[in-house]
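Asks: Below is upload-v2.cif; it holds mmCIF, C-alpha atoms.
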```cif
data_final
#
loop_
_atom_site.label_atom_id
_atom_site.label_comp_id
_atom_site.auth_asym_id
_atom_site.auth_seq_id
_atom_site.Cartn_x
_atom_site.Cartn_y
_atom_site.Cartn_z
CA ARG A 1 55.13 16.13 -61.52
CA ARG A 2 55.95 16.88 -65.14
CA PRO A 3 52.29 17.40 -66.27
CA HIS A 4 51.77 19.71 -63.29
CA SER A 5 54.87 21.69 -64.29
CA ARG A 6 53.56 22.09 -67.84
CA ALA A 7 50.18 23.27 -66.53
CA MET A 8 51.83 25.85 -64.34
CA SER A 9 53.91 26.99 -67.27
CA GLY A 10 50.75 27.40 -69.35
CA ASP A 11 49.05 29.41 -66.61
CA GLU A 12 52.08 31.64 -66.31
CA SER A 13 52.15 32.12 -70.07
CA GLU A 14 48.46 33.10 -70.08
CA ARG A 15 49.02 35.61 -67.26
CA ARG A 16 51.93 37.06 -69.19
CA ARG A 17 49.78 37.47 -72.31
CA GLN A 18 46.99 39.14 -70.34
CA ARG A 19 49.49 41.47 -68.72
CA ALA A 20 50.96 42.27 -72.14
CA ALA A 21 47.52 43.13 -73.53
CA GLN A 22 46.83 45.45 -70.58
CA LEU A 23 50.18 47.15 -71.10
CA PHE A 24 49.46 47.59 -74.80
CA VAL A 25 46.26 49.49 -74.03
CA LYS A 26 48.12 51.73 -71.61
CA ALA A 27 50.95 52.30 -74.05
CA GLY A 28 48.56 53.23 -76.81
CA ASN A 29 46.66 55.78 -74.73
CA ILE A 30 49.14 57.30 -72.29
CA LEU A 31 49.02 60.55 -74.25
CA SER A 32 45.30 60.71 -74.93
CA GLY A 33 44.18 61.69 -71.45
CA GLU A 34 42.78 58.27 -70.61
CA CYS A 35 43.25 56.82 -67.14
CA GLY A 36 42.02 53.41 -66.03
CA ASP A 37 40.19 52.56 -62.84
CA GLN A 38 42.26 49.58 -61.73
CA GLU A 39 45.85 50.81 -61.68
CA CYS A 40 45.45 54.54 -61.90
CA SER A 41 46.86 56.33 -58.90
CA THR A 42 44.33 58.39 -56.98
CA SER A 43 47.19 60.55 -55.77
CA ALA A 44 48.46 61.34 -59.26
CA PRO A 45 49.26 65.01 -59.89
CA PRO A 46 46.65 66.95 -61.86
CA PRO A 47 47.31 67.50 -65.58
CA GLU A 48 49.63 70.38 -66.31
CA ARG A 49 47.84 73.54 -67.45
CA PRO A 50 49.43 75.57 -70.19
CA ARG A 51 50.76 78.94 -69.16
CA VAL A 52 49.12 82.06 -70.46
CA GLY A 53 50.51 82.87 -73.90
CA SER A 54 52.19 79.49 -74.33
CA PRO A 55 51.56 77.53 -77.54
CA PRO A 56 49.54 74.30 -77.42
CA ALA A 57 51.42 71.01 -77.17
CA SER A 58 50.56 70.03 -80.75
CA ALA A 59 47.69 69.10 -83.03
CA ASN A 60 48.19 65.54 -81.77
CA ASN A 61 47.48 66.69 -78.19
CA MET A 62 50.82 65.43 -76.98
CA PRO A 63 52.70 67.01 -74.09
CA LYS A 64 56.46 66.99 -73.75
CA ILE A 65 57.82 63.52 -72.95
CA HIS A 66 61.18 63.47 -71.21
CA ASN A 67 63.75 60.85 -72.17
CA GLU A 68 65.70 60.85 -68.94
CA SER A 69 65.03 59.18 -65.62
CA ALA A 70 62.96 61.09 -63.06
CA ASP A 71 62.93 58.19 -60.60
CA LYS A 72 64.13 59.14 -57.13
CA SER A 73 65.84 55.76 -56.81
CA GLY A 74 68.17 56.73 -59.63
CA ALA A 75 67.19 53.70 -61.72
CA SER A 76 67.03 54.37 -65.43
CA LEU A 77 65.76 52.59 -68.52
CA SER A 78 66.98 52.58 -72.09
CA SER A 79 66.59 55.92 -73.89
CA THR A 80 67.10 54.35 -77.32
CA ARG A 81 64.26 55.04 -79.75
CA GLN A 82 63.27 52.92 -82.74
CA VAL A 83 62.46 54.75 -85.96
CA SER A 84 59.27 53.42 -87.51
CA SER A 85 58.55 52.68 -91.17
CA ILE A 86 55.70 55.23 -91.03
CA PRO A 87 56.44 58.50 -92.87
CA ILE A 88 55.45 61.77 -91.23
CA GLY A 89 52.76 63.72 -93.03
CA PRO A 90 51.85 67.42 -92.85
CA THR A 91 51.12 68.06 -89.19
CA ASP A 92 51.78 70.21 -86.16
CA LEU A 93 54.59 67.88 -85.12
CA PRO A 94 54.56 66.67 -81.49
CA ASN A 95 57.50 68.02 -79.55
CA HIS A 96 58.91 64.55 -78.87
CA GLN A 97 59.58 64.07 -82.60
CA GLU A 98 62.61 65.38 -84.46
CA LYS A 99 61.68 68.34 -86.66
CA ASP A 100 63.66 67.18 -89.67
CA ALA A 101 62.82 63.48 -89.36
CA ALA A 102 61.21 61.68 -92.30
CA ASN A 103 59.55 58.93 -90.23
CA TRP A 104 57.82 58.78 -86.88
CA ALA A 105 60.06 57.64 -84.01
CA TYR A 106 58.64 55.44 -81.26
CA PRO A 107 59.14 56.49 -77.63
CA SER A 108 61.94 54.77 -75.73
CA PRO A 109 61.30 52.55 -72.69
CA GLN A 110 62.26 55.52 -70.51
CA MET A 111 59.81 57.82 -72.27
CA PHE A 112 56.98 55.30 -71.91
CA TYR A 113 57.73 54.93 -68.23
CA ASN A 114 57.80 58.69 -67.66
CA ALA A 115 54.60 59.24 -69.65
CA MET A 116 52.74 56.51 -67.77
CA LYS A 117 53.73 57.97 -64.42
CA ARG A 118 52.69 61.43 -65.58
CA LYS A 119 49.23 60.11 -66.47
CA GLY A 120 48.81 58.51 -63.07
CA TRP A 121 49.62 54.91 -63.93
CA LYS A 122 51.78 52.79 -61.63
CA PRO A 123 54.18 51.27 -64.18
CA ARG A 124 56.83 48.68 -63.42
CA GLN A 125 60.23 49.22 -64.95
CA GLU A 126 60.59 45.53 -65.80
CA ASP A 127 57.50 45.77 -68.04
CA MET A 128 58.76 48.57 -70.24
CA ASP A 129 60.68 46.43 -72.74
CA VAL A 130 57.50 44.38 -73.31
CA VAL A 131 55.42 47.56 -73.63
CA VAL A 132 57.73 49.00 -76.28
CA ALA A 133 58.02 45.73 -78.23
CA ILE A 134 54.26 45.21 -78.41
CA HIS A 135 53.45 48.86 -79.11
CA ASN A 136 55.98 49.12 -81.94
CA THR A 137 55.09 45.80 -83.55
CA VAL A 138 51.34 46.44 -83.48
CA ASN A 139 51.71 49.95 -84.91
CA GLU A 140 53.83 48.60 -87.76
CA ARG A 141 51.15 46.02 -88.44
CA VAL A 142 48.43 48.69 -88.45
CA TRP A 143 50.41 50.68 -90.99
CA GLU A 144 50.75 47.59 -93.20
CA HIS A 145 46.97 47.25 -93.17
CA ILE A 146 46.54 50.92 -94.04
CA LEU A 147 48.96 50.57 -96.93
CA GLN A 148 46.83 47.71 -98.28
CA TRP A 149 43.88 50.09 -98.35
CA GLU A 150 45.97 52.87 -99.85
CA LYS A 151 47.01 50.63 -102.74
CA LEU A 152 43.51 51.25 -104.04
CA HIS A 153 44.70 54.81 -104.75
CA GLU A 154 48.33 54.27 -105.75
CA ASP A 155 47.56 55.71 -109.19
CA VAL A 156 47.02 59.13 -107.59
CA CYS A 157 49.29 58.80 -104.52
CA CYS A 158 52.16 56.35 -104.28
CA ARG A 159 53.43 57.51 -100.88
CA PRO A 160 50.76 58.14 -98.22
CA THR A 161 51.92 59.52 -94.87
CA LEU A 162 50.59 59.66 -91.32
CA SER A 163 49.58 63.08 -90.01
CA LYS A 164 47.71 62.39 -86.80
CA PHE A 165 46.73 59.59 -84.43
CA GLU A 166 44.42 59.43 -81.46
CA GLY A 167 43.51 56.84 -78.84
CA ARG A 168 39.75 56.47 -78.24
CA PRO A 169 39.37 53.34 -76.06
CA LYS A 170 35.97 54.35 -74.68
CA ASP A 171 34.40 55.31 -78.03
CA PHE A 172 33.14 52.10 -79.60
CA SER A 173 32.67 52.36 -83.34
CA PRO A 174 29.29 51.52 -84.95
CA ARG A 175 30.89 48.43 -86.51
CA ALA A 176 32.16 47.25 -83.11
CA ARG A 177 28.71 47.74 -81.59
CA LEU A 178 27.11 45.81 -84.44
CA LEU A 179 29.54 42.91 -84.03
CA ASN A 180 28.87 42.95 -80.30
CA TRP A 181 25.13 42.74 -81.00
CA LEU A 182 25.86 39.71 -83.20
CA GLY A 183 27.66 38.00 -80.33
CA TYR A 184 31.27 39.14 -80.54
CA LYS A 185 33.11 40.77 -77.67
CA LEU A 186 33.77 44.50 -77.77
CA PRO A 187 37.28 45.62 -78.74
CA PHE A 188 39.63 46.37 -75.88
CA ASP A 189 40.97 49.46 -77.62
CA ARG A 190 40.39 51.83 -80.53
CA HIS A 191 42.65 54.23 -82.42
CA ASP A 192 41.89 56.79 -85.13
CA TRP A 193 44.70 57.55 -87.58
CA THR A 194 44.60 60.41 -90.07
CA VAL A 195 46.50 59.66 -93.27
CA ASP A 196 47.61 62.28 -95.78
CA ARG A 197 46.94 60.91 -99.28
CA CYS A 198 49.05 63.43 -101.18
CA GLY A 199 47.03 66.37 -99.88
CA LYS A 200 43.77 64.59 -99.01
CA LYS A 201 43.08 63.74 -95.35
CA VAL A 202 41.67 60.26 -94.80
CA ARG A 203 40.69 58.96 -91.36
CA TYR A 204 41.11 55.29 -90.49
CA VAL A 205 39.46 53.49 -87.57
CA ILE A 206 41.35 50.66 -85.87
CA ASP A 207 39.60 48.31 -83.44
CA PHE A 208 41.74 45.96 -81.35
CA TYR A 209 40.23 42.62 -80.30
CA ASN A 210 41.60 39.92 -78.02
CA ALA A 211 42.15 36.58 -79.73
CA PRO A 212 42.80 33.06 -78.38
CA PRO A 213 46.51 32.78 -77.46
CA THR A 214 48.42 30.23 -79.52
CA GLY A 215 52.13 29.59 -79.84
CA PRO A 216 54.93 31.54 -78.16
CA GLN A 217 53.76 35.01 -79.21
CA PRO A 218 53.50 37.47 -76.27
CA VAL A 219 49.99 38.59 -77.23
CA ALA A 220 47.34 37.50 -79.71
CA MET A 221 44.89 39.94 -81.22
CA HIS A 222 42.78 40.80 -84.23
CA LEU A 223 43.14 44.20 -85.89
CA ASP A 224 40.10 45.60 -87.68
CA VAL A 225 41.52 48.42 -89.81
CA ARG A 226 39.32 50.31 -92.28
CA PRO A 227 38.66 53.82 -93.56
CA ALA A 228 36.07 55.73 -91.56
CA LEU A 229 32.77 56.22 -93.37
CA ASP A 230 33.33 59.95 -93.78
CA SER A 231 32.71 60.05 -97.53
CA PHE A 232 31.28 58.19 -100.49
CA GLY A 233 34.85 57.32 -101.51
CA ALA A 234 35.42 55.51 -98.21
CA CYS A 235 32.23 53.48 -98.72
CA TYR A 236 33.37 52.56 -102.22
CA ASP A 237 36.81 51.53 -100.91
CA ARG A 238 35.20 49.22 -98.37
CA LEU A 239 33.15 47.54 -101.10
CA ARG A 240 36.23 47.09 -103.26
CA MET A 241 38.30 45.67 -100.39
CA PHE A 242 35.48 43.28 -99.47
CA ALA A 243 35.55 41.97 -103.04
CA TYR A 244 39.36 41.56 -102.98
CA GLN A 245 39.23 39.70 -99.65
CA ALA A 246 36.49 37.42 -100.99
CA MET A 247 38.79 36.56 -103.89
CA GLY A 248 41.72 35.92 -101.57
CA LEU A 249 43.73 38.91 -102.77
CA ALA A 250 44.19 40.56 -99.34
CA GLY A 251 47.47 40.52 -97.38
CA GLY A 252 48.67 38.11 -94.70
CA ASN A 253 47.67 37.95 -91.05
CA GLN A 254 50.90 37.68 -89.13
CA SER A 255 53.78 39.95 -88.24
CA GLY A 256 56.60 39.92 -85.73
CA GLY A 257 55.79 38.75 -82.20
CA VAL A 258 52.09 39.55 -82.43
CA ARG A 259 49.78 36.92 -83.88
CA GLU A 260 46.73 38.32 -85.57
CA GLN A 261 43.60 36.20 -85.49
CA GLN A 262 39.86 36.47 -85.69
CA PRO A 263 38.14 38.01 -82.65
CA ASN A 264 36.57 35.86 -79.93
CA PRO A 265 32.79 35.45 -80.29
#
```
Could you write out this structure as structure tokens?

Replies:
Amino acid sequence: RRPHSRAMSGDESERRRQRAAQLFVKAGNILSGECGDQECSTSAPPPERPRVGSPPASANNMPKIHNESADKSGASLSSTRQVSSIPIGPTDLPNHQEKDAANWAYPSPQMFYNAMKRKGWKPRQEDMDVVVAIHNTVNERVWEHILQWEKLHEDVCCRPTLSKFEGRPKDFSPRARLLNWLGYKLPFDRHDWTVDRCGKKVRYVIDFYNAPPTGPQPVAMHLDVRPALDSFGACYDRLRMFAYQAMGLAGGNQSGGVREQQPNP
């Protein structure tokens, strides 16, 4: 009976990891206009149209996210927001961010829940703490990777900031397509982040890959973070980083409750 109990526990752990990965994708794209086929409500209200003469939501294409419960049952989630380590760069600030804040603030569990429902998802309140934990941890890890790249330019800019971010789960990058042609699975998500390097805009591409689950971490993944090939400078940075990684001078692979590994072939 004991071996059977351990097997069931392993199956349950795997289901929990898969669910966590699905929730991460939703959390990362609830504001980008994406809506999945599996759990997207067909009866969801149509997107709100801006009134004539009203200003756009923001350069980050983000509508207003309410931080109070709109559930008819009266149930509410935590409205506490975690402040990230990511400094805000020059941008048309989304209206869910404080105007005088120095760093980006992550949405609260209540805000995630409201935003998911607004986009037509069918979220479960009990999942929201997991959604927030994974979303926040992964974004912090992405920023750590970006800072490793930005160290190549610390002589001209010692404090890069984040100006814009965008979820593009259906737009596979050329690198992801090449790796897929070589036998690797396609990433389950993609983000584009625009960094302000002391006045210079630099776009980064982030591909998210599933990885074999190991240990007690809620989700295992591989993050492929690199500057987009928009300029000769970005190409040169990739060559330099490749050389540093070959010499073992790159950063670590693990952070918080998310284990980062190589992608599944």

Asks: If we count only C-alpha atoms and set the cut-off at 9 Å, which residues sit around stretch 104-108 of chain A, ignoring sequence neighbours fewer than 6 positions away in its own chain? Please answer as a list of chain:residue names.

Replies: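 These residues fall inside the cut-off: A:Ile65, A:Asn67, A:Leu77, A:Ser78, A:Ser79, A:Thr80, A:Arg81, A:Gln82, A:Val83, A:Ser84, A:Ser85, A:Ile86, A:Pro87, A:Ile88, A:His96, A:Gln97, A:Glu98, A:Met128, A:Asp129, A:Val132, A:His135, A:Asn136, A:Leu162.
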
Asks: Could you please determine the separation between atom CA of A:Asp207 and atom CA of A:Val225 in Å, to one decimal place?

Replies: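 Going from atom CA of A:Asp207 over to atom CA of A:Val225 covers 6.7 Å.
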
Asks: Need to verify the contact set: A:Lys164, 10 Å, only C-alpha atoms, exclusion of same-chain residues closer than 4 positions in sequence. Can you return it as a count of residues only?

Replies: 17

Asks: Enter the distance from atom CA of A:Asp155 to atom CA of A:Tyr236, in Å, rounded to one decimal.

Replies: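 Interatomic distance, atom CA of A:Asp155 to atom CA of A:Tyr236: 16.1 Å.
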
Asks: What separation in Å, quoted to one decimal, exists between atom CA of A:Asp171 and atom CA of A:Leu186?

Replies: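 Here the two named atoms are 10.8 Å from each other.
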
Asks: Fewer than 5 positions away in the same chain doesn't count, so skip those; otherwise give me all residues within 12 Å of stretch 227-234 of chain A, counting only C-alpha atoms, as a short mmCIF file (atom, residue, chain, number, x, y, z; two decimals) with C-alpha atoms, in the coordinates of the input.

Replies:
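New file out25.cif:
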```cif
data_model
loop_
_atom_site.label_atom_id
_atom_site.label_comp_id
_atom_site.auth_asym_id
_atom_site.auth_seq_id
_atom_site.Cartn_x
_atom_site.Cartn_y
_atom_site.Cartn_z
CA HIS A 145 46.97 47.25 -93.17
CA ILE A 146 46.54 50.92 -94.04
CA LEU A 147 48.96 50.57 -96.93
CA GLN A 148 46.83 47.71 -98.28
CA TRP A 149 43.88 50.09 -98.35
CA GLU A 150 45.97 52.87 -99.85
CA LEU A 152 43.51 51.25 -104.04
CA HIS A 153 44.70 54.81 -104.75
CA SER A 173 32.67 52.36 -83.34
CA PRO A 174 29.29 51.52 -84.95
CA ARG A 175 30.89 48.43 -86.51
CA HIS A 191 42.65 54.23 -82.42
CA ASP A 192 41.89 56.79 -85.13
CA TRP A 193 44.70 57.55 -87.58
CA THR A 194 44.60 60.41 -90.07
CA VAL A 195 46.50 59.66 -93.27
CA LYS A 200 43.77 64.59 -99.01
CA LYS A 201 43.08 63.74 -95.35
CA VAL A 202 41.67 60.26 -94.80
CA ARG A 203 40.69 58.96 -91.36
CA TYR A 204 41.11 55.29 -90.49
CA VAL A 205 39.46 53.49 -87.57
CA ILE A 206 41.35 50.66 -85.87
CA ASP A 207 39.60 48.31 -83.44
CA LEU A 239 33.15 47.54 -101.10
CA ARG A 240 36.23 47.09 -103.26
CA MET A 241 38.30 45.67 -100.39
#
```
